[in-house]
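Below is one structure, written out as structure tokens; the observations come after it.
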Amino acid sequence: MAKSYLSKHVENLKPSGIRRFFEIAATMKEVISLGIGEPDFDSPQAIIDAGIRSLQQNQTHYTSNRGLNSLRETLCDHIEKLYSVKYDPLTEVVFTVGGSEALNIACAAILDPGDEVILPTPCFVSYQGVITLAGGVSVEIPSRMENNFLPDPAELEAAVTDRTKAILLNFPCNPTGAVADKETLVAIGHIAEKHDLVVISDEIYDRLVYGDGHICFPALEGMRERTILIGGFSKDYAMTGWRIGFACAPEAIMNGLARIHQYIIMTAPTMAQYGALEALRSCESDVLRMVEEYDRRRKLIVQGLNYIGLPTFEPLGAFYAFPKVDVTGLSDDEFAERLLHEKHVAVVPGSAFGPGGEGFVRCSYATAFDQIEEALDRIDQFVKSL
Ligand code: PLP
């Protein structure tokens with residue numbers, strides 16, 4: 001075999017388990033995809049207009065490294081209004097290329113080689129890779145269906161070692177749709193405080209909640225000083241292709257993130273920053289309209305899957321349902337592969353999201369209502385045929 005010039009940690013990086021299914025699905029006709037983790041809505045018109053306007057006005061240059069001042073100020077006001085947490089626009093915010101970059105620079109800024117990050121799983125497919133690339137080690141702990149897919153604080157604390165540097169949280173959660181209650185978050189906060197850990201809180205789905213509203217982790221008493229808040233516009237405002245997100249953190253931590261951002265990215269795309277500014281200024285009603293429609297679909301899919309006989313936990317956030325499919329006697333991989341080939345419905349095997357995801361599949365309901373109805377019919381036929 002030819003010599004590999006790749007570094008060992010890149011050689012060891014596993015490809016995402018999601019892609020394989022999309023590649024198969026792309027070769028097939030009349031596939032209903034419940035596989036994709038992005039809104040089916042287009043970006044609100046006001047955002048598109050703002051992007052076009054920015055180009056027409058020749059806003060085609062770099063902005064300041066951390067983003068337009070007006071955008072940083074508007075974001076800080078927005079977060080304060082929603083969650084009563086105050087960030088300084090000049091020193092505590094950076095706009096990034098999606099939440100993805102924010103996650104990357106957060107890990108790169110705080111991890112030394114071998115530092116451990118405690119990670120409740122199943123989780124977003126990028127987390128382990130991002131931690132590995134930053135030189136860190138993921139320490140996975142399970143979130144179980146019988147516990148509403150929340151980590152057990154006692155298990156989390158048992159995973160702390162003298163190498164633990166951070167806890168990575170994601171509520172609302174991709175892939176389970178779980179939203180953590182205040183008691184669990186406070187308990188995790190106490191552990192972070194006791195062992196002096198950083199909390200990276202990926203709250204990219206913060207506006208897509210269907211229950212009591214979102215709890216912003218740094219808003220909890222004493223947590224702001226040890227939290228890196230990750231957010232973005234991809235999900236809440238249906239802006240995946242614009243590639244715009246952000247991180248907020250206390251100044252000393254933010255200086256680290258911003259330094260990396262400066263070297264690897266320089267500035268988030270200028271047009272996207274203008275789009276994001278418009279989103280914050282004028283698109284609240286669009287967010288509410290999308291949430292209302294997701295909620296209608298959520299009820300349909302959860303009820304439908306349970307009726308079919310696939311036990312499904314009620315997701316309270318994001319746009320994913322996470323049915324248990326091993327009750328059919330198939331593994332999650334077999335279920336997803338056969339459902340795709342036999343009924344042309346794409347879902348993602350839960351094991352793609354790490355330990356604890358085995359035996360489940362992720363169904364995104366960011367798909368039109370009638371498509372979900374048709375997908376449920378096909379899943380019903382498939383399960384009956386087994
Ligand atoms: N975090 C979570 C939990 C996600 O599900 C995603 C995208 O699927 C991201 C971060 C990255 O989002 P983006 O880079 O589009 O802002």
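Letters for chains follow the order of the structure tokens (A, B, ...), residue numbers begin at 1 for each chain, and ligand numbers begin at 1 in the order shown.
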*Counting only C-alpha atoms and all ligand atoms, which protein, DNA or RNA residues come within 9 Å of ligand 1, given as number ranges by chain?*
A: 36-38, 96-103, 123-127, 170-175, 202-205, 230-235, 239-246, 318
Would you pick out the contacts of Asp40 of chain A at 12 Å or less, using only C-alpha atoms, so that residues sharing its chain but fewer than 3 positions from it are not included, and give the list as a PDB file with C-alpha atoms, in the first residue's frame?
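Result file around15.pdb:
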```pdb
ATOM      1  CA  SER A  33     -35.953  11.920   2.874  1.00  0.00           C
ATOM      2  CA  LEU A  34     -36.369  12.139   6.617  1.00  0.00           C
ATOM      3  CA  GLY A  35     -32.604  12.075   6.738  1.00  0.00           C
ATOM      4  CA  ILE A  36     -31.534  15.654   6.347  1.00  0.00           C
ATOM      5  CA  GLY A  37     -30.728  17.865   9.315  1.00  0.00           C
ATOM      6  CA  SER A  43     -34.595  31.724   4.204  1.00  0.00           C
ATOM      7  CA  PRO A  44     -37.148  34.461   4.945  1.00  0.00           C
ATOM      8  CA  SER A 234     -28.779  27.744  10.128  1.00  0.00           C
ATOM      9  CA  LYS A 235     -31.630  26.143  12.011  1.00  0.00           C
ATOM     10  CA  ASP A 236     -33.615  28.940  13.697  1.00  0.00           C
ATOM     11  CA  TYR A 237     -33.710  31.142  10.596  1.00  0.00           C
ATOM     12  CA  ALA A 238     -33.387  28.484   7.858  1.00  0.00           C
ATOM     13  CA  MET A 239     -30.015  29.844   6.729  1.00  0.00           C
ATOM     14  CA  THR A 240     -27.847  26.721   6.395  1.00  0.00           C
ATOM     15  CA  GLY A 241     -26.232  27.799   3.122  1.00  0.00           C
ATOM     16  CA  MET A 290     -41.670  27.905  11.248  1.00  0.00           C
ATOM     17  CA  GLU A 293     -45.335  24.294  11.414  1.00  0.00           C
ATOM     18  CA  TYR A 294     -42.568  22.084  12.899  1.00  0.00           C
ATOM     19  CA  PHE A 319     -36.800  18.909  14.358  1.00  0.00           C
ATOM     20  CA  SER A 364     -36.112  14.628  10.562  1.00  0.00           C
ATOM     21  CA  TYR A 365     -39.480  16.331  10.348  1.00  0.00           C
ATOM     22  CA  ALA A 366     -38.032  19.322   8.517  1.00  0.00           C
ATOM     23  CA  THR A 367     -39.974  17.876   5.575  1.00  0.00           C
ATOM     24  CA  ALA A 368     -43.409  18.856   4.212  1.00  0.00           C
ATOM     25  CA  PHE A 369     -46.426  17.579   6.170  1.00  0.00           C
ATOM     26  CA  GLN A 371     -44.389  13.931   2.709  1.00  0.00           C
TER      27      GLN A 371
END
```
*For atom CA of Leu6 of chain A and atom CA of Phe21 of chain A, quote the distance in Å rounded to one decimal.*
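Calculated distance between atom CA of Leu6 of chain A and atom CA of Phe21 of chain A is 26.0 Å.
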Counting only C-alpha atoms, what is within 7 Å of segment 300-310 of chain A, bar same-chain residues fewer than 6 positions away, as a PDB file with all heavy atoms, in the first residue's frame?
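Wrote it out as part_18.pdb, contents follow:
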```
ATOM      1  N   ALA A 321     -37.297  13.258  15.279  1.00  0.00           N
ATOM      2  CA  ALA A 321     -37.901  12.209  16.105  1.00  0.00           C
ATOM      3  C   ALA A 321     -36.912  11.050  16.097  1.00  0.00           C
ATOM      4  O   ALA A 321     -36.173  10.866  15.121  1.00  0.00           O
ATOM      5  CB  ALA A 321     -39.241  11.792  15.526  1.00  0.00           C
ATOM      6  N   PRO A 323     -37.199   7.292  16.847  1.00  0.00           N
ATOM      7  CA  PRO A 323     -37.896   6.062  17.222  1.00  0.00           C
ATOM      8  C   PRO A 323     -36.959   4.896  17.479  1.00  0.00           C
ATOM      9  O   PRO A 323     -35.892   4.799  16.868  1.00  0.00           O
ATOM     10  CB  PRO A 323     -38.778   5.776  15.999  1.00  0.00           C
ATOM     11  CG  PRO A 323     -38.092   6.445  14.872  1.00  0.00           C
ATOM     12  CD  PRO A 323     -37.433   7.665  15.444  1.00  0.00           C
ATOM     13  N   LYS A 324     -37.442   4.013  18.351  1.00  0.00           N
ATOM     14  CA  LYS A 324     -36.699   2.788  18.671  1.00  0.00           C
ATOM     15  C   LYS A 324     -37.125   1.745  17.649  1.00  0.00           C
ATOM     16  O   LYS A 324     -38.314   1.423  17.546  1.00  0.00           O
ATOM     17  CB  LYS A 324     -37.100   2.366  20.092  1.00  0.00           C
ATOM     18  CG  LYS A 324     -36.327   1.234  20.673  1.00  0.00           C
ATOM     19  CD  LYS A 324     -36.624   1.191  22.186  1.00  0.00           C
ATOM     20  CE  LYS A 324     -36.175  -0.093  22.833  1.00  0.00           C
ATOM     21  NZ  LYS A 324     -34.753  -0.373  22.686  1.00  0.00           N
ATOM     22  N   VAL A 325     -36.173   1.256  16.882  1.00  0.00           N
ATOM     23  CA  VAL A 325     -36.548   0.341  15.789  1.00  0.00           C
ATOM     24  C   VAL A 325     -36.098  -1.095  16.037  1.00  0.00           C
ATOM     25  O   VAL A 325     -36.486  -1.995  15.307  1.00  0.00           O
ATOM     26  CB  VAL A 325     -35.994   0.823  14.416  1.00  0.00           C
ATOM     27  CG1 VAL A 325     -36.617   2.153  14.025  1.00  0.00           C
ATOM     28  CG2 VAL A 325     -34.471   0.901  14.421  1.00  0.00           C
ATOM     29  N   ILE A 372     -44.389  13.669   5.113  1.00  0.00           N
ATOM     30  CA  ILE A 372     -44.282  12.896   6.365  1.00  0.00           C
ATOM     31  C   ILE A 372     -45.433  11.879   6.426  1.00  0.00           C
ATOM     32  O   ILE A 372     -45.230  10.721   6.792  1.00  0.00           O
ATOM     33  CB  ILE A 372     -44.296  13.829   7.600  1.00  0.00           C
ATOM     34  CG1 ILE A 372     -43.072  14.750   7.572  1.00  0.00           C
ATOM     35  CG2 ILE A 372     -44.310  13.022   8.894  1.00  0.00           C
ATOM     36  CD1 ILE A 372     -43.061  15.819   8.651  1.00  0.00           C
ATOM     37  N   LEU A 376     -44.841   7.938   6.648  1.00  0.00           N
ATOM     38  CA  LEU A 376     -45.399   7.109   7.729  1.00  0.00           C
ATOM     39  C   LEU A 376     -46.154   5.910   7.152  1.00  0.00           C
ATOM     40  O   LEU A 376     -46.039   4.795   7.667  1.00  0.00           O
ATOM     41  CB  LEU A 376     -46.315   7.954   8.626  1.00  0.00           C
ATOM     42  CG  LEU A 376     -45.599   8.938   9.560  1.00  0.00           C
ATOM     43  CD1 LEU A 376     -46.604   9.908  10.187  1.00  0.00           C
ATOM     44  CD2 LEU A 376     -44.831   8.205  10.670  1.00  0.00           C
ATOM     45  N   ASP A 380     -45.096   2.108   7.871  1.00  0.00           N
ATOM     46  CA  ASP A 380     -46.096   1.168   8.395  1.00  0.00           C
ATOM     47  C   ASP A 380     -46.095  -0.112   7.554  1.00  0.00           C
ATOM     48  O   ASP A 380     -46.024  -1.229   8.084  1.00  0.00           O
ATOM     49  CB  ASP A 380     -47.470   1.855   8.361  1.00  0.00           C
ATOM     50  CG  ASP A 380     -48.514   1.073   9.127  1.00  0.00           C
ATOM     51  OD1 ASP A 380     -48.134   0.327  10.060  1.00  0.00           O
ATOM     52  OD2 ASP A 380     -49.710   1.190   8.793  1.00  0.00           O
TER      53      ASP A 380
END
```
*Could you give me the residues within segment 84-191 of chain A that DSSP places in alpha helix (DSSP H), as a PyMOL selection string?*
chain A and resi 98-110+126-133+153-158+182-191
*Might you pull out every residue within 10 Å of Ile215 of chain A, with only C-alpha atoms counted and same-chain residues fewer than 6 positions away left off, and present them as a ChimeraX atom specification?*
/A:82-83,171-172,179-182,185,203,206
*With distances taken over only C-alpha atoms, which of A:Leu150, A:Ile200, A:Ala247, A:Ile141 is nearest to Pro355 of chain A?*
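When distances to Pro355 of chain A are compared using only C-alpha atoms, the smallest one comes from A:Ile141.
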*Would you list the contacts of Gly357 of chain A as a ChimeraX atom specification, taking every protein, DNA or RNA residue within 10 Å and counting only C-alpha atoms, but skipping same-chain residues closer than 3 positions in sequence?*
/A:121-123,142-145,175-176,322,324,332,349-354,360-362
Could you produce a table of the residues of segment 104-192 of chain A lying within 8 Å of segment 7-13 of chain A, with the nearest pair of atoms per residue and their separation in Å rounded to one decimal, using only C-alpha atoms, ordered by chain and increasing residue number, as CSV?
```
residue,atom,partner,partner_atom,distance
A:Gly129,CA,A:Leu13,CA,6.4
A:Thr132,CA,A:His9,CA,6.9
A:Leu133,CA,A:His9,CA,6.9
```
